[in-house]
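This is entry.cif. It holds mmCIF, N, CA and C atoms and all ligand atoms.
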```cif
data_run
#
loop_
_atom_site.label_atom_id
_atom_site.label_comp_id
_atom_site.auth_asym_id
_atom_site.auth_seq_id
_atom_site.Cartn_x
_atom_site.Cartn_y
_atom_site.Cartn_z
N MET V 77 194.02 139.18 9.80
CA MET V 77 195.03 139.31 8.73
C MET V 77 196.39 138.85 9.23
N THR V 78 196.46 137.58 9.56
CA THR V 78 197.73 137.09 10.10
C THR V 78 198.36 136.02 9.21
N GLY V 79 197.72 135.76 8.06
CA GLY V 79 198.18 134.65 7.23
C GLY V 79 199.60 134.83 6.72
N LYS V 80 200.35 133.77 6.71
CA LYS V 80 201.71 133.82 6.19
C LYS V 80 201.93 132.75 5.12
N LYS V 81 200.90 131.94 4.90
CA LYS V 81 201.02 130.88 3.89
C LYS V 81 201.23 131.47 2.50
N LYS V 82 201.93 130.74 1.65
CA LYS V 82 201.99 131.10 0.24
C LYS V 82 200.70 130.64 -0.41
N CYS V 83 200.24 131.40 -1.35
CA CYS V 83 199.00 131.03 -2.00
C CYS V 83 199.10 131.25 -3.49
N ALA V 84 198.57 130.30 -4.24
CA ALA V 84 198.66 130.35 -5.70
C ALA V 84 197.77 131.45 -6.28
N HIS V 85 196.71 131.80 -5.54
CA HIS V 85 195.80 132.84 -6.05
C HIS V 85 196.51 134.19 -6.12
N ILE V 86 197.21 134.54 -5.05
CA ILE V 86 197.93 135.82 -5.04
C ILE V 86 199.06 135.79 -6.07
N ALA V 87 199.74 134.66 -6.15
CA ALA V 87 200.84 134.54 -7.12
C ALA V 87 200.34 134.71 -8.55
N ALA V 88 199.07 134.39 -8.79
CA ALA V 88 198.51 134.46 -10.14
C ALA V 88 198.09 135.87 -10.53
N VAL V 89 198.06 136.80 -9.57
CA VAL V 89 197.68 138.19 -9.89
C VAL V 89 198.85 138.87 -10.58
N ARG V 90 198.65 139.22 -11.83
CA ARG V 90 199.73 139.85 -12.62
C ARG V 90 199.63 141.37 -12.54
N THR V 91 198.45 141.88 -12.83
CA THR V 91 198.22 143.32 -12.77
C THR V 91 197.18 143.56 -11.70
N VAL V 92 197.55 144.32 -10.69
CA VAL V 92 196.62 144.56 -9.58
C VAL V 92 195.53 145.52 -10.01
N ARG V 93 194.28 145.09 -9.80
CA ARG V 93 193.14 145.95 -10.10
C ARG V 93 192.96 146.95 -8.97
N THR V 94 192.71 148.19 -9.34
CA THR V 94 192.51 149.24 -8.33
C THR V 94 191.08 149.76 -8.41
N ALA V 95 190.67 150.49 -7.41
CA ALA V 95 189.28 150.97 -7.34
C ALA V 95 189.00 151.97 -8.45
N LYS V 96 187.89 151.76 -9.16
CA LYS V 96 187.47 152.72 -10.18
C LYS V 96 186.89 153.95 -9.48
N ARG V 97 186.12 153.68 -8.42
CA ARG V 97 185.55 154.77 -7.62
C ARG V 97 185.82 154.43 -6.16
N ARG V 98 186.07 155.46 -5.35
CA ARG V 98 186.41 155.22 -3.95
C ARG V 98 185.14 155.12 -3.13
N GLU V 99 184.36 154.06 -3.40
CA GLU V 99 183.14 153.82 -2.64
C GLU V 99 182.78 152.34 -2.74
N CYS V 100 182.03 151.84 -1.73
CA CYS V 100 181.53 150.47 -1.77
C CYS V 100 180.27 150.46 -2.64
N GLU V 101 180.32 149.69 -3.73
CA GLU V 101 179.19 149.68 -4.67
C GLU V 101 177.88 149.26 -4.00
N GLU V 102 177.96 148.32 -3.05
CA GLU V 102 176.74 147.81 -2.41
C GLU V 102 176.25 148.77 -1.33
N CYS V 103 177.16 149.35 -0.56
CA CYS V 103 176.74 150.31 0.48
C CYS V 103 176.08 151.54 -0.13
N VAL V 104 176.59 151.97 -1.28
CA VAL V 104 176.02 153.14 -1.94
C VAL V 104 174.55 152.88 -2.26
N LYS V 105 174.24 151.64 -2.70
CA LYS V 105 172.86 151.30 -3.08
C LYS V 105 171.90 151.39 -1.89
N ILE V 106 172.40 151.03 -0.69
CA ILE V 106 171.50 150.97 0.47
C ILE V 106 171.74 152.12 1.45
N GLY V 107 172.65 153.03 1.09
CA GLY V 107 172.91 154.18 1.94
C GLY V 107 173.59 153.84 3.25
N ALA V 108 174.41 152.79 3.23
CA ALA V 108 175.11 152.36 4.45
C ALA V 108 176.53 152.93 4.49
N PRO V 109 177.06 153.10 5.69
CA PRO V 109 178.45 153.58 5.80
C PRO V 109 179.44 152.42 5.68
N TRP V 110 180.67 152.72 5.39
CA TRP V 110 181.71 151.69 5.37
C TRP V 110 182.96 152.25 6.04
N VAL V 111 183.91 151.35 6.33
CA VAL V 111 185.14 151.77 7.02
C VAL V 111 186.30 151.81 6.02
N HIS V 112 186.65 150.65 5.47
CA HIS V 112 187.74 150.59 4.49
C HIS V 112 187.23 149.92 3.21
N LEU V 113 187.95 150.15 2.13
CA LEU V 113 187.53 149.60 0.83
C LEU V 113 188.53 148.57 0.32
N ARG V 114 187.99 147.55 -0.36
CA ARG V 114 188.77 146.47 -0.94
C ARG V 114 188.32 146.26 -2.38
N THR V 115 189.25 145.92 -3.26
CA THR V 115 188.89 145.69 -4.66
C THR V 115 189.12 144.23 -5.02
N CYS V 116 188.08 143.57 -5.54
CA CYS V 116 188.18 142.17 -5.96
C CYS V 116 189.12 142.08 -7.15
N GLN V 117 190.06 141.14 -7.07
CA GLN V 117 191.05 141.01 -8.15
C GLN V 117 190.55 140.15 -9.30
N GLU V 118 189.41 139.53 -9.13
CA GLU V 118 188.84 138.70 -10.19
C GLU V 118 187.94 139.56 -11.10
N CYS V 119 187.05 140.33 -10.50
CA CYS V 119 186.06 141.07 -11.30
C CYS V 119 186.20 142.58 -11.16
N GLY V 120 187.02 143.06 -10.22
CA GLY V 120 187.29 144.49 -10.13
C GLY V 120 186.29 145.29 -9.31
N VAL V 121 185.31 144.62 -8.69
CA VAL V 121 184.34 145.35 -7.89
C VAL V 121 185.00 145.85 -6.60
N THR V 122 184.64 147.06 -6.17
CA THR V 122 185.17 147.61 -4.92
C THR V 122 184.09 147.58 -3.85
N LEU V 123 184.41 146.95 -2.73
CA LEU V 123 183.44 146.70 -1.66
C LEU V 123 184.09 146.97 -0.31
N CYS V 124 183.28 146.87 0.77
CA CYS V 124 183.78 147.28 2.08
C CYS V 124 184.36 146.10 2.87
N CYS V 125 185.24 146.44 3.80
CA CYS V 125 186.01 145.47 4.58
C CYS V 125 185.20 144.87 5.73
N ASP V 126 185.82 143.96 6.47
CA ASP V 126 185.15 143.29 7.59
C ASP V 126 184.97 144.18 8.82
N SER V 127 185.58 145.36 8.85
CA SER V 127 185.33 146.30 9.93
C SER V 127 184.07 147.12 9.65
N SER V 128 183.56 147.00 8.44
CA SER V 128 182.36 147.74 8.05
C SER V 128 181.12 146.93 8.44
N PRO V 129 179.99 147.60 8.70
CA PRO V 129 178.79 146.88 9.17
C PRO V 129 178.34 145.78 8.21
N ASN V 130 178.48 145.99 6.92
CA ASN V 130 177.91 145.04 5.96
C ASN V 130 178.91 144.05 5.36
N LYS V 131 180.21 144.26 5.60
CA LYS V 131 181.24 143.29 5.19
C LYS V 131 181.04 142.80 3.75
N HIS V 132 180.80 143.72 2.85
CA HIS V 132 180.45 143.31 1.48
C HIS V 132 181.57 142.58 0.76
N ALA V 133 182.83 142.91 1.03
CA ALA V 133 183.93 142.26 0.29
C ALA V 133 184.01 140.78 0.63
N SER V 134 183.91 140.42 1.90
CA SER V 134 184.01 139.00 2.23
C SER V 134 182.74 138.25 1.82
N LYS V 135 181.58 138.92 1.88
CA LYS V 135 180.36 138.28 1.38
C LYS V 135 180.49 137.99 -0.12
N HIS V 136 181.05 138.94 -0.85
CA HIS V 136 181.25 138.76 -2.30
C HIS V 136 182.20 137.60 -2.55
N ALA V 137 183.28 137.53 -1.78
CA ALA V 137 184.27 136.46 -1.97
C ALA V 137 183.62 135.09 -1.74
N ARG V 138 182.80 134.98 -0.70
CA ARG V 138 182.13 133.70 -0.42
C ARG V 138 181.12 133.35 -1.50
N ALA V 139 180.33 134.35 -1.90
CA ALA V 139 179.24 134.08 -2.85
C ALA V 139 179.77 133.80 -4.25
N SER V 140 180.84 134.47 -4.63
CA SER V 140 181.32 134.39 -6.02
C SER V 140 182.46 133.41 -6.19
N GLY V 141 183.16 133.10 -5.07
CA GLY V 141 184.36 132.27 -5.19
C GLY V 141 185.57 133.05 -5.68
N HIS V 142 185.47 134.37 -5.73
CA HIS V 142 186.62 135.19 -6.10
C HIS V 142 187.52 135.32 -4.87
N PRO V 143 188.75 134.78 -4.91
CA PRO V 143 189.51 134.63 -3.67
C PRO V 143 190.28 135.86 -3.19
N VAL V 144 190.76 136.70 -4.12
CA VAL V 144 191.76 137.70 -3.73
C VAL V 144 191.21 139.12 -3.84
N ILE V 145 191.46 139.92 -2.79
CA ILE V 145 191.15 141.35 -2.83
C ILE V 145 192.43 142.13 -2.62
N ALA V 146 192.42 143.37 -3.09
CA ALA V 146 193.50 144.31 -2.78
C ALA V 146 192.92 145.41 -1.92
N SER V 147 193.71 145.94 -1.01
CA SER V 147 193.27 147.13 -0.29
C SER V 147 193.07 148.26 -1.28
N ALA V 148 191.96 148.98 -1.15
CA ALA V 148 191.73 150.15 -2.00
C ALA V 148 191.97 151.43 -1.21
N GLU V 149 192.68 151.30 -0.08
CA GLU V 149 192.99 152.48 0.73
C GLU V 149 194.25 153.16 0.19
N PRO V 150 194.26 154.49 0.17
CA PRO V 150 195.42 155.22 -0.35
C PRO V 150 196.70 154.82 0.38
N GLY V 151 197.74 154.54 -0.37
CA GLY V 151 199.04 154.23 0.22
C GLY V 151 199.21 152.79 0.67
N GLU V 152 198.14 152.00 0.63
CA GLU V 152 198.25 150.58 1.03
C GLU V 152 198.43 149.73 -0.22
N ARG V 153 199.42 148.86 -0.18
CA ARG V 153 199.72 148.01 -1.33
C ARG V 153 199.81 146.57 -0.87
N TRP V 154 198.66 145.96 -0.61
CA TRP V 154 198.67 144.56 -0.23
C TRP V 154 197.46 143.84 -0.80
N LEU V 155 197.63 142.53 -0.93
CA LEU V 155 196.58 141.64 -1.42
C LEU V 155 196.25 140.66 -0.31
N TYR V 156 195.01 140.19 -0.30
CA TYR V 156 194.61 139.21 0.70
C TYR V 156 193.79 138.12 0.03
N CYS V 157 194.09 136.86 0.34
CA CYS V 157 193.33 135.72 -0.18
C CYS V 157 192.47 135.16 0.93
N TYR V 158 191.16 135.17 0.73
CA TYR V 158 190.23 134.67 1.76
C TYR V 158 190.38 133.17 2.02
N PRO V 159 190.31 132.32 0.99
CA PRO V 159 190.35 130.87 1.30
C PRO V 159 191.66 130.44 1.95
N ASP V 160 192.76 131.08 1.62
CA ASP V 160 194.05 130.67 2.20
C ASP V 160 194.47 131.53 3.39
N ASP V 161 193.72 132.60 3.70
CA ASP V 161 194.11 133.54 4.74
C ASP V 161 195.57 133.97 4.55
N ALA V 162 195.89 134.36 3.33
CA ALA V 162 197.26 134.70 2.97
C ALA V 162 197.34 136.17 2.54
N ILE V 163 198.47 136.80 2.85
CA ILE V 163 198.69 138.20 2.48
C ILE V 163 199.87 138.27 1.52
N GLY V 164 199.76 139.14 0.54
CA GLY V 164 200.90 139.42 -0.35
C GLY V 164 201.04 140.92 -0.52
N THR V 165 202.23 141.37 -0.83
CA THR V 165 202.43 142.79 -1.13
C THR V 165 202.81 142.93 -2.60
N TYR V 166 202.69 144.13 -3.09
CA TYR V 166 203.07 144.37 -4.49
C TYR V 166 203.66 145.75 -4.61
ZN ZN J 201 194.84 131.70 -2.17
ZN ZN J 202 179.67 147.73 1.65
ZN ZN J 203 184.78 139.55 -7.64
#
```

Show me this structure written as structure tokens.
Amino acid sequence: MTGKKKCAHIAAVRTVRTAKRRECEECVKIGAPWVHLRTCQECGVTLCCDSSPNKHASKHARASGHPVIASAEPGERWLYCYPDDAIGTY
């Protein structure tokens, strides 16, 4: 998470989507643990971060082409764009 580039994907996020439930939708299905949660800004799904064993958020970004996630951790207010490796705050 060192990106400093400006990215059009983050700039295009008007209303930040937040987690509907504080759990990784995919880990829940397979009974796997997760570390941190991220919410896709394109479709609103909440998935686990790259510190988690299954890295569902980045897998989702690659498979779906949805570029931007928001941290779903309490008190954290940042967005991250996978293709541009860019961070934004809100
Ligand atoms: Zn971007
Ligand atoms: Zn997961
Ligand atoms: Zn998505």

Do you have, as a tab-separated table, the list of residues of chain V lying at most 8 Å from ligand ZN 201 (chain J), each with its nearest atom pair and that distance in Å to one decimal, counting only C-alpha atoms and all ligand atoms and ordered by chain then number?
```
residue	atom	partner	partner_atom	distance
V:Lys82	CA	J:ZN201	ZN	7.6
V:Cys83	CA	J:ZN201	ZN	4.2
V:Ala84	CA	J:ZN201	ZN	5.4
V:His85	CA	J:ZN201	ZN	4.2
V:Ile86	CA	J:ZN201	ZN	5.9
V:Pro143	CA	J:ZN201	ZN	6.3
V:Val144	CA	J:ZN201	ZN	6.9
V:Cys157	CA	J:ZN201	ZN	4.7
V:Tyr158	CA	J:ZN201	ZN	6.7
V:Pro159	CA	J:ZN201	ZN	5.7
V:Asp160	CA	J:ZN201	ZN	4.6
V:Asp161	CA	J:ZN201	ZN	7.2
V:Ala162	CA	J:ZN201	ZN	6.4
```

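Contact shell of V:Arg93 at 6.5 Å (only N, CA and C atoms; same-chain neighbours under 4 positions omitted): Thr115, Cys116, Gln117 and Gly120 of chain V.
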
Item to complete: Output the neighbourhood of ligand ZN 203 (chain J) as JSON, numbers by chain, that is, all protein and nucleic acid residues with some atom at most 6.5 Å from the ligand, counting only N, CA and C atoms and all ligand atoms.
Response: {"V": [116, 117, 118, 119, 120, 121, 136, 137, 140, 142]}

Output file for the selection above: N, CA and C atoms, as a compact mmCIF listing (two decimals), in the coordinates of the input:
```
# COMPACT_ATOMS: atom_id res chain seq x y z
N CYS V 116 188.08 143.57 -5.54
CA CYS V 116 188.18 142.17 -5.96
C CYS V 116 189.12 142.08 -7.15
N GLN V 117 190.06 141.14 -7.07
CA GLN V 117 191.05 141.01 -8.15
C GLN V 117 190.55 140.15 -9.30
N GLU V 118 189.41 139.53 -9.13
CA GLU V 118 188.84 138.70 -10.19
C GLU V 118 187.94 139.56 -11.10
N CYS V 119 187.05 140.33 -10.50
CA CYS V 119 186.06 141.07 -11.30
C CYS V 119 186.20 142.58 -11.16
N GLY V 120 187.02 143.06 -10.22
CA GLY V 120 187.29 144.49 -10.13
C GLY V 120 186.29 145.29 -9.31
N VAL V 121 185.31 144.62 -8.69
CA VAL V 121 184.34 145.35 -7.89
C VAL V 121 185.00 145.85 -6.60
N HIS V 136 181.05 138.94 -0.85
CA HIS V 136 181.25 138.76 -2.30
C HIS V 136 182.20 137.60 -2.55
N ALA V 137 183.28 137.53 -1.78
CA ALA V 137 184.27 136.46 -1.97
C ALA V 137 183.62 135.09 -1.74
N SER V 140 180.84 134.47 -4.63
CA SER V 140 181.32 134.39 -6.02
C SER V 140 182.46 133.41 -6.19
N HIS V 142 185.47 134.37 -5.73
CA HIS V 142 186.62 135.19 -6.10
C HIS V 142 187.52 135.32 -4.87
```

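The interatomic distance for the pair atom C of V:Lys96 and atom CA of V:Thr122 works out to 8.0 Å.
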
Please define a box with edges along x, y and z of the file around all atoms of stretch 136-149 of chain V given in the file, extend it by 8 Å on each side, and return its centre and edge lengths in Å to one decimal, as lines of an AutoDock Vina configuration file.
```
center_x = 186.7
center_y = 142.7
center_z = -2.7
size_x = 31.0
size_y = 36.9
size_z = 22.9
```

Discussion item. At a cut-off of 6.5 Å and counting only N, CA and C atoms and all ligand atoms, what residues surround ligand ZN 202 (chain J)? Please answer as number ranges by chain.
Written reply: V: 100-104, 109-110, 123-125, 130-133

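Taking the backbone of this structure through DSSP, the residues of chain V that come out as alpha helix (DSSP H) are Ala84, His85, Ile86, Ala87, Glu101, Glu102, Cys103, Val104, Lys105, Ile106, His132, Ala133, Ser134, Lys135, His136, Ala137, Arg138, Ala139 and Ser140 of chain V.
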
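When atom CA of V:Ile145 is paired with atom CA of V:Pro129, their separation reads 18.1 Å.
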
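Per DSSP on the backbone, strand (DSSP E or B) in chain V comprises Leu113, Arg114, Thr115, Cys116, Thr122, Leu123, Cys124, Val144, Ile145, Ala146, Ser147, Trp154, Leu155, Tyr156, Cys157, Ala162, Ile163, Gly164 and Thr165 of chain V.
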
Worksheet item: Between atom CA of V:Ala108 and atom C of V:Gly164, what is the distance, to one decimal in Å?
Response: 28.8 Å

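You can rank V:Thr94, V:Thr165, V:Ser147, V:Ser127 by their closest distance to V:Arg114 using only C-alpha atoms, and at the top of that list sits V:Ser147.
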
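Remark: for V:Asp126, the closest of the candidate residues V:Ala139, V:Ala146, V:Ala87, V:Val111 is V:Val111 (distances computed over only C-alpha atoms).
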
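Using all atoms listed in the file, the smallest distance between any of V:Ile106, V:Ile163, V:Ala88, V:Leu113 and V:Pro150 comes from V:Leu113.
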
N, CA, C and O atoms restored at stretch 134-150 of chain V, emitted as a PDB file, in the frame of the given file:
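File produced: selection.pdb:
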```pdb
ATOM      1  N   SER V 134     183.910 140.420   1.900  1.00  0.00           N
ATOM      2  CA  SER V 134     184.010 139.000   2.230  1.00  0.00           C
ATOM      3  C   SER V 134     182.740 138.250   1.820  1.00  0.00           C
ATOM      4  O   SER V 134     182.799 137.088   1.417  1.00  0.00           O
ATOM      5  N   LYS V 135     181.580 138.920   1.880  1.00  0.00           N
ATOM      6  CA  LYS V 135     180.360 138.280   1.380  1.00  0.00           C
ATOM      7  C   LYS V 135     180.490 137.990  -0.120  1.00  0.00           C
ATOM      8  O   LYS V 135     180.100 136.922  -0.597  1.00  0.00           O
ATOM      9  N   HIS V 136     181.050 138.940  -0.850  1.00  0.00           N
ATOM     10  CA  HIS V 136     181.250 138.760  -2.300  1.00  0.00           C
ATOM     11  C   HIS V 136     182.200 137.600  -2.550  1.00  0.00           C
ATOM     12  O   HIS V 136     181.972 136.775  -3.435  1.00  0.00           O
ATOM     13  N   ALA V 137     183.280 137.530  -1.780  1.00  0.00           N
ATOM     14  CA  ALA V 137     184.270 136.460  -1.970  1.00  0.00           C
ATOM     15  C   ALA V 137     183.620 135.090  -1.740  1.00  0.00           C
ATOM     16  O   ALA V 137     183.835 134.148  -2.517  1.00  0.00           O
ATOM     17  N   ARG V 138     182.800 134.980  -0.700  1.00  0.00           N
ATOM     18  CA  ARG V 138     182.130 133.700  -0.420  1.00  0.00           C
ATOM     19  C   ARG V 138     181.120 133.350  -1.500  1.00  0.00           C
ATOM     20  O   ARG V 138     181.040 132.221  -1.969  1.00  0.00           O
ATOM     21  N   ALA V 139     180.330 134.350  -1.900  1.00  0.00           N
ATOM     22  CA  ALA V 139     179.240 134.080  -2.850  1.00  0.00           C
ATOM     23  C   ALA V 139     179.770 133.800  -4.250  1.00  0.00           C
ATOM     24  O   ALA V 139     179.213 132.991  -4.988  1.00  0.00           O
ATOM     25  N   SER V 140     180.840 134.470  -4.630  1.00  0.00           N
ATOM     26  CA  SER V 140     181.320 134.390  -6.020  1.00  0.00           C
ATOM     27  C   SER V 140     182.460 133.410  -6.190  1.00  0.00           C
ATOM     28  O   SER V 140     182.740 132.961  -7.298  1.00  0.00           O
ATOM     29  N   GLY V 141     183.160 133.100  -5.070  1.00  0.00           N
ATOM     30  CA  GLY V 141     184.360 132.270  -5.190  1.00  0.00           C
ATOM     31  C   GLY V 141     185.570 133.050  -5.680  1.00  0.00           C
ATOM     32  O   GLY V 141     186.592 132.452  -6.008  1.00  0.00           O
ATOM     33  N   HIS V 142     185.470 134.370  -5.730  1.00  0.00           N
ATOM     34  CA  HIS V 142     186.620 135.190  -6.100  1.00  0.00           C
ATOM     35  C   HIS V 142     187.520 135.320  -4.870  1.00  0.00           C
ATOM     36  O   HIS V 142     187.115 135.939  -3.885  1.00  0.00           O
ATOM     37  N   PRO V 143     188.750 134.780  -4.910  1.00  0.00           N
ATOM     38  CA  PRO V 143     189.510 134.630  -3.670  1.00  0.00           C
ATOM     39  C   PRO V 143     190.280 135.860  -3.190  1.00  0.00           C
ATOM     40  O   PRO V 143     190.459 136.030  -1.991  1.00  0.00           O
ATOM     41  N   VAL V 144     190.760 136.700  -4.120  1.00  0.00           N
ATOM     42  CA  VAL V 144     191.760 137.700  -3.730  1.00  0.00           C
ATOM     43  C   VAL V 144     191.210 139.120  -3.840  1.00  0.00           C
ATOM     44  O   VAL V 144     190.597 139.492  -4.838  1.00  0.00           O
ATOM     45  N   ILE V 145     191.460 139.920  -2.790  1.00  0.00           N
ATOM     46  CA  ILE V 145     191.150 141.350  -2.830  1.00  0.00           C
ATOM     47  C   ILE V 145     192.430 142.130  -2.620  1.00  0.00           C
ATOM     48  O   ILE V 145     193.401 141.631  -2.057  1.00  0.00           O
ATOM     49  N   ALA V 146     192.420 143.370  -3.090  1.00  0.00           N
ATOM     50  CA  ALA V 146     193.500 144.310  -2.780  1.00  0.00           C
ATOM     51  C   ALA V 146     192.920 145.410  -1.920  1.00  0.00           C
ATOM     52  O   ALA V 146     191.747 145.781  -2.080  1.00  0.00           O
ATOM     53  N   SER V 147     193.710 145.940  -1.010  1.00  0.00           N
ATOM     54  CA  SER V 147     193.270 147.130  -0.290  1.00  0.00           C
ATOM     55  C   SER V 147     193.070 148.260  -1.280  1.00  0.00           C
ATOM     56  O   SER V 147     193.897 148.461  -2.170  1.00  0.00           O
ATOM     57  N   ALA V 148     191.960 148.980  -1.150  1.00  0.00           N
ATOM     58  CA  ALA V 148     191.730 150.150  -2.000  1.00  0.00           C
ATOM     59  C   ALA V 148     191.970 151.430  -1.210  1.00  0.00           C
ATOM     60  O   ALA V 148     191.530 152.497  -1.611  1.00  0.00           O
ATOM     61  N   GLU V 149     192.680 151.300  -0.080  1.00  0.00           N
ATOM     62  CA  GLU V 149     192.990 152.480   0.730  1.00  0.00           C
ATOM     63  C   GLU V 149     194.250 153.160   0.190  1.00  0.00           C
ATOM     64  O   GLU V 149     195.195 152.472  -0.201  1.00  0.00           O
ATOM     65  N   PRO V 150     194.260 154.490   0.170  1.00  0.00           N
ATOM     66  CA  PRO V 150     195.420 155.220  -0.350  1.00  0.00           C
ATOM     67  C   PRO V 150     196.700 154.820   0.380  1.00  0.00           C
ATOM     68  O   PRO V 150     196.711 154.743   1.602  1.00  0.00           O
TER      69      PRO V 150
END
```
